[in-house]
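> What follows is entry.cif; its format and atoms are mmCIF, C-alpha atoms.
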```cif
data_model
#
loop_
_atom_site.label_atom_id
_atom_site.label_comp_id
_atom_site.auth_asym_id
_atom_site.auth_seq_id
_atom_site.Cartn_x
_atom_site.Cartn_y
_atom_site.Cartn_z
CA VAL E 1 -24.57 24.90 -0.39
CA LEU E 2 -26.21 27.94 1.11
CA PRO E 3 -29.22 29.27 -0.76
CA PRO E 4 -28.65 32.66 -2.43
CA LEU E 5 -28.82 35.73 -0.19
CA THR E 6 -28.98 33.74 3.06
CA ARG E 7 -26.58 34.09 5.95
CA CYS E 8 -25.33 31.18 8.02
CA LYS E 9 -24.37 31.64 11.67
CA LEU E 10 -22.05 28.65 11.90
CA LEU E 11 -20.40 26.17 9.56
CA LEU E 12 -18.39 23.14 10.67
CA LEU E 13 -15.61 22.42 8.21
CA GLU E 14 -14.08 19.08 7.32
CA PHE E 15 -11.56 19.81 4.61
CA SER E 16 -10.83 17.10 2.12
CA ALA E 17 -8.36 17.05 -0.71
CA CYS E 18 -10.88 16.19 -3.39
CA PRO E 19 -9.67 16.33 -7.00
CA LEU E 20 -12.14 19.16 -7.69
CA ALA E 21 -10.94 21.38 -4.82
CA CYS E 22 -9.41 23.98 -7.16
CA VAL E 23 -12.50 24.08 -9.34
CA LEU E 24 -14.82 24.35 -6.34
CA ARG E 25 -12.75 27.00 -4.52
CA PRO E 26 -14.90 29.95 -5.79
CA LEU E 27 -18.07 28.19 -4.60
CA PHE E 28 -16.49 27.47 -1.19
CA ARG E 29 -15.33 31.10 -0.97
CA CYS E 30 -18.83 32.36 -1.70
CA CYS E 31 -20.32 30.11 1.00
CA PHE E 32 -17.59 30.91 3.53
CA LEU E 33 -17.99 34.67 3.09
CA ARG E 34 -21.67 34.37 4.01
CA CYS E 35 -20.93 32.56 7.28
CA CYS E 36 -20.48 34.32 10.61
CA CYS E 37 -18.18 31.64 12.06
CA MET E 38 -16.47 28.51 10.77
CA VAL E 39 -15.38 25.74 13.14
CA CYS E 40 -12.31 23.71 12.12
CA CYS E 41 -10.67 20.69 13.72
CA LEU E 42 -7.23 22.22 13.35
CA ARG E 43 -5.49 24.90 15.38
CA ASP E 44 -3.34 26.39 12.61
CA HIS E 45 -5.78 27.54 9.99
CA THR E 46 -3.57 30.37 8.69
CA ALA E 47 -3.61 28.94 5.15
CA LEU E 48 -7.40 28.90 4.91
CA PRO E 49 -8.05 32.68 4.84
CA ILE E 50 -5.41 33.01 2.13
CA LEU E 51 -6.67 30.03 0.17
CA TYR E 52 -10.32 31.08 0.26
CA GLY E 53 -10.05 34.88 0.66
CA VAL E 54 -12.02 34.84 3.93
CA PRO E 55 -11.19 36.97 7.00
CA ALA E 56 -9.08 35.00 9.50
CA GLY E 57 -11.33 36.05 12.39
CA LYS E 58 -14.14 33.84 11.08
CA PHE E 59 -12.26 30.60 11.88
CA ARG E 60 -12.43 28.85 15.26
CA ASP E 61 -10.77 25.58 16.23
CA ILE E 62 -11.94 22.54 18.18
CA PRO E 63 -9.11 20.71 19.99
CA PHE E 64 -8.31 17.17 18.99
CA LYS E 65 -8.41 14.20 21.32
CA VAL E 66 -6.47 10.96 21.47
CA ASN E 67 -8.27 8.39 19.31
CA SER E 68 -9.06 4.98 20.82
CA TRP E 69 -8.24 6.18 24.33
CA PRO E 70 -9.68 3.09 26.10
CA LEU E 71 -7.41 0.86 23.97
CA VAL E 72 -4.40 3.07 24.73
CA GLN E 73 -5.07 2.79 28.47
CA GLN E 74 -5.13 -1.02 28.21
CA THR E 75 -1.92 -1.19 26.17
CA LYS E 76 1.60 -1.51 27.54
CA PRO E 77 3.97 -0.02 24.95
CA VAL E 78 7.02 -2.09 24.05
CA GLU E 79 9.77 -1.45 21.53
CA GLU E 80 10.22 -3.79 18.61
CA ASP E 81 12.58 -3.16 15.73
CA PHE E 82 10.28 -1.48 13.20
CA ILE E 83 9.08 1.98 12.23
CA PHE E 84 5.33 2.59 12.18
CA VAL E 85 3.63 4.77 9.57
CA GLY E 86 -0.14 5.07 9.75
CA GLY E 87 -3.06 6.98 8.30
CA ARG E 88 -4.28 8.13 4.93
CA SER E 89 -4.76 11.91 4.84
CA ARG E 90 -2.27 13.84 2.70
CA ARG E 91 0.50 11.26 3.16
CA ASP E 92 3.69 11.56 1.12
CA PHE E 93 4.40 7.89 0.48
CA ALA E 94 6.87 8.61 -2.36
CA THR E 95 9.20 10.60 -0.11
CA LEU E 96 8.77 8.07 2.70
CA PHE E 97 9.79 5.17 0.45
CA GLN E 98 12.82 7.10 -0.80
CA ALA E 99 13.86 8.04 2.76
CA VAL E 100 13.63 4.54 4.26
CA LYS E 101 14.88 2.40 1.38
CA ASP E 102 18.45 2.14 2.73
CA LEU E 103 17.60 1.94 6.44
CA PRO E 104 18.31 -1.26 8.36
CA TYR E 105 14.80 -1.15 9.88
CA ALA E 106 11.55 -2.71 8.80
CA VAL E 107 8.79 -0.18 8.11
CA LYS E 108 5.13 -1.09 8.58
CA VAL E 109 2.74 1.22 6.73
CA LEU E 110 -0.85 0.89 7.93
CA THR E 111 -3.11 2.70 5.48
CA ALA E 112 -6.07 2.18 3.14
CA HIS E 113 -6.44 0.80 -0.39
CA GLN E 114 -6.09 3.33 -3.21
CA PRO E 115 -9.82 4.05 -3.69
CA ASP E 116 -9.98 5.16 -0.04
CA LEU E 117 -6.72 7.14 -0.24
CA THR E 118 -7.67 9.34 -3.18
CA PRO E 119 -10.40 11.37 -1.40
CA HIS E 120 -7.88 12.08 1.37
CA GLY E 121 -5.21 13.50 -0.94
CA SER E 122 -2.86 10.52 -0.79
CA SER E 123 -1.76 7.98 -3.37
CA LEU E 124 0.21 4.78 -3.72
CA ASP E 125 -0.42 4.59 -7.48
CA GLY E 126 2.76 3.82 -9.39
CA LEU E 127 4.86 3.49 -6.25
CA GLU E 128 6.93 0.41 -5.54
CA PRO E 129 7.68 0.08 -1.83
CA PRO E 130 11.26 -0.88 -0.99
CA PRO E 131 11.87 -4.41 0.34
CA ASN E 132 11.95 -3.23 3.97
CA VAL E 133 8.45 -1.70 3.72
CA GLU E 134 5.37 -3.79 4.47
CA LEU E 135 2.02 -2.32 3.37
CA LEU E 136 -1.00 -3.20 5.53
CA TYR E 137 -4.45 -2.08 4.45
CA ASN E 138 -6.69 -2.13 7.51
CA ASP E 139 -6.10 1.31 9.05
CA SER E 140 -9.74 1.62 10.11
CA ASP E 141 -9.28 -1.19 12.66
CA SER E 142 -8.44 0.67 15.90
CA ARG E 143 -7.08 -2.45 17.60
CA VAL E 144 -4.59 -3.10 14.79
CA PHE E 145 -3.60 0.58 14.70
CA VAL E 146 -2.94 0.80 18.44
CA ASP E 147 -1.24 -2.61 18.58
CA LEU E 148 1.21 -1.88 15.76
CA MET E 149 1.97 1.61 16.98
CA SER E 150 2.49 0.44 20.57
CA ARG E 151 5.07 -2.13 19.43
CA SER E 152 7.03 0.18 17.10
CA LYS E 153 10.42 1.74 17.70
CA LEU E 154 9.12 5.11 16.49
CA VAL E 155 6.26 6.68 14.54
CA VAL E 156 6.65 8.60 11.27
CA VAL E 157 3.93 10.82 9.79
CA PRO E 158 4.98 11.80 6.23
CA ILE E 159 2.77 14.75 5.25
CA ARG E 160 2.75 16.11 1.70
CA LYS E 161 4.46 19.49 1.47
CA ASP E 162 1.57 20.90 -0.59
CA ALA E 163 -1.04 20.08 2.08
CA ALA E 164 -3.06 23.26 2.65
CA VAL E 165 -4.43 22.05 5.97
CA GLN E 166 -3.07 19.97 8.82
CA ALA E 167 -3.09 16.20 8.61
CA GLY E 168 -1.92 13.38 10.84
CA ILE E 169 -2.84 15.08 14.10
CA GLY E 170 -4.68 11.99 15.40
CA VAL E 171 -1.65 9.79 14.64
CA CYS E 172 0.69 12.26 16.39
CA LEU E 173 -1.45 12.40 19.52
CA LEU E 174 -1.90 8.63 19.59
CA GLY E 175 1.85 8.10 19.18
CA MET E 176 2.64 10.46 22.05
CA ALA E 177 -0.03 8.82 24.23
CA LEU E 178 1.74 5.50 23.57
CA GLU E 179 5.08 7.08 24.60
CA LYS E 180 6.61 6.87 21.12
CA CYS E 181 9.00 9.22 19.40
CA VAL E 182 6.93 10.86 16.63
CA ILE E 183 8.58 12.31 13.53
CA VAL E 184 6.38 14.51 11.33
CA SER E 185 7.36 16.04 8.01
#
```
Produce structure tokens that represent the structure in this file.


Amino acid sequence: VLPPLTRCKLLLLEFSACPLACVLRPLFRCCFLRCCCMVCCLRDHTALPILYGVPAGKFRDIPFKVNSWPLVQQTKPVEEDFIFVGGRSRRDFATLFQAVKDLPYAVKVLTAHQPDLTPHGSSLDGLEPPPNVELLYNDSDSRVFVDLMSRSKLVVVPIRKDAAVQAGIGVCLLGMALEKCVIVS
């Protein structure tokens, strides 16, 4: 938090969907207004000036890169008969489960356990995956992530419709780098 009456030249933002985000919004707004420039890792930050009441001209973006690029270069994509879903930020698992329950394809969801999902605005609490969905909980292992994605038929990134900022960009770029069809909600 910036000390009172000080001005910051630059602030790098990493937005999280913490449970206190609504309560902390006035504090964030106060800090953001006192910054000259805010750097975000997302190109479309049109929701942020509205959400925080900060002039749009203060936001700058840093382009994303393909995660695990050396692994991608070593991998030869193939096509097996399953859909890949990966990641943890602002994922809409409820809608995903409803959408795939009657499909004739297996779905492999590579994510994190609930305590690691909550800070990222996602939840599996109270959800029962359909029989064709396999939950795998080691999404921080780059080798597993790249291997599963490279063998999938296609990649799905189910983003919550109430997400105020972008999510799943790394998964989208990785999927395209592995020559997969990527479907994003």

> Would you please work out which residue, of E:Asn132, E:Gln114, E:Ser123, E:Ser152, is nearest to E:Phe82 when using all atoms listed in the file?

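When distances to E:Phe82 are compared using all atoms listed in the file, the smallest one comes from E:Ser152.
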
> Quick one: contact table of stretch 118-164 of chain E to stretch 87-94 of chain E, 8 Å max, nearest atom pair and distance in Å to one decimal per residue, counting all atoms listed in the file, chain and number order, as JSON lines?


```
{"residue": "E:His120", "atom": "CA", "partner": "E:Ser89", "partner_atom": "CA", "distance": 4.7}
{"residue": "E:Gly121", "atom": "CA", "partner": "E:Arg90", "partner_atom": "CA", "distance": 4.7}
{"residue": "E:Ser122", "atom": "CA", "partner": "E:Arg90", "partner_atom": "CA", "distance": 4.9}
{"residue": "E:Ser123", "atom": "CA", "partner": "E:Phe93", "partner_atom": "CA", "distance": 7.3}
{"residue": "E:Leu124", "atom": "CA", "partner": "E:Phe93", "partner_atom": "CA", "distance": 6.7}
{"residue": "E:Leu127", "atom": "CA", "partner": "E:Ala94", "partner_atom": "CA", "distance": 6.7}
{"residue": "E:Asp139", "atom": "CA", "partner": "E:Gly87", "partner_atom": "CA", "distance": 6.5}
{"residue": "E:Val157", "atom": "CA", "partner": "E:Arg91", "partner_atom": "CA", "distance": 7.5}
{"residue": "E:Pro158", "atom": "CA", "partner": "E:Asp92", "partner_atom": "CA", "distance": 5.3}
{"residue": "E:Ile159", "atom": "CA", "partner": "E:Arg91", "partner_atom": "CA", "distance": 4.7}
{"residue": "E:Arg160", "atom": "CA", "partner": "E:Asp92", "partner_atom": "CA", "distance": 4.7}
{"residue": "E:Lys161", "atom": "CA", "partner": "E:Asp92", "partner_atom": "CA", "distance": 8.0}
{"residue": "E:Ala163", "atom": "CA", "partner": "E:Arg90", "partner_atom": "CA", "distance": 6.4}
```

> Assuming 6 Å of padding per side, give the centre and edge lengths of the axis-aligned box around every listed atom of stretch 133-143 of chain E, in Å to one decimal and as JSON.


```
{"center_x": -0.6, "center_y": -1.1, "center_z": 10.5, "size_x": 30.2, "size_y": 17.4, "size_z": 26.2}
```

> Could you state which residues are captured by the PyMOL selection byres ((chain E and resi 141) around 12) in this file, as a PyMOL selection string?

chain E and resi 67-68+71+86-87+110-112+136-140+142-148

> For E:Val155, which of E:Trp69, E:Phe28, E:Phe84, E:Tyr52 is the closest residue, counting all atoms listed in the file?

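For E:Val155, the nearest of the candidates is E:Phe84.
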
> Using all atoms listed in the file, which residue out of E:Val109, E:Leu51, E:Val66, E:Leu154 lies closest to E:Glu79?

E:Leu154

> Using the chain letters and residue numbers of this document, give as a CSV table (one decimal) with C-alpha atoms, in the frame of the given file the residues selected by the PyMOL selection byres ((chain E and resi 56) around 12).


```csv
chain,number,residue,atom,x,y,z
E,32,PHE,CA,-17.6,30.9,3.5
E,33,LEU,CA,-18.0,34.7,3.1
E,36,CYS,CA,-20.5,34.3,10.6
E,37,CYS,CA,-18.2,31.6,12.1
E,38,MET,CA,-16.5,28.5,10.8
E,39,VAL,CA,-15.4,25.7,13.1
E,44,ASP,CA,-3.3,26.4,12.6
E,45,HIS,CA,-5.8,27.5,10.0
E,46,THR,CA,-3.6,30.4,8.7
E,47,ALA,CA,-3.6,28.9,5.2
E,48,LEU,CA,-7.4,28.9,4.9
E,49,PRO,CA,-8.0,32.7,4.8
E,50,ILE,CA,-5.4,33.0,2.1
E,51,LEU,CA,-6.7,30.0,0.2
E,52,TYR,CA,-10.3,31.1,0.3
E,53,GLY,CA,-10.0,34.9,0.7
E,54,VAL,CA,-12.0,34.8,3.9
E,55,PRO,CA,-11.2,37.0,7.0
E,57,GLY,CA,-11.3,36.0,12.4
E,58,LYS,CA,-14.1,33.8,11.1
E,59,PHE,CA,-12.3,30.6,11.9
E,60,ARG,CA,-12.4,28.8,15.3
E,61,ASP,CA,-10.8,25.6,16.2
```

> Measure the distance from atom CA of E:Gly168 to atom CA of E:Leu117 in Å and round it to one decimal.

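Pair atom CA of E:Gly168 / atom CA of E:Leu117 returns 13.6 Å.
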
> Please indicate the distance in Å from atom CA of E:Leu135 to atom CA of E:Val85, rounded to one decimal place.

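If I compute the distance from atom CA of E:Leu135 to atom CA of E:Val85, I get 9.6 Å.
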
> Work out how far apart atom CA of E:Met149 and atom CA of E:Gln98 are and give it in Å to one decimal.

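Straight-line distance from atom CA of E:Met149 to atom CA of E:Gln98 works out to 21.5 Å.
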
> Starting from the point (-0.5, 7.1, 21.7), work out which residues of protein, DNA or RNA have an atom no more than 8 Å away when counting all atoms listed in the file; state them as a PyMOL selection string.

chain E and resi 66+72+146+149-150+171-180
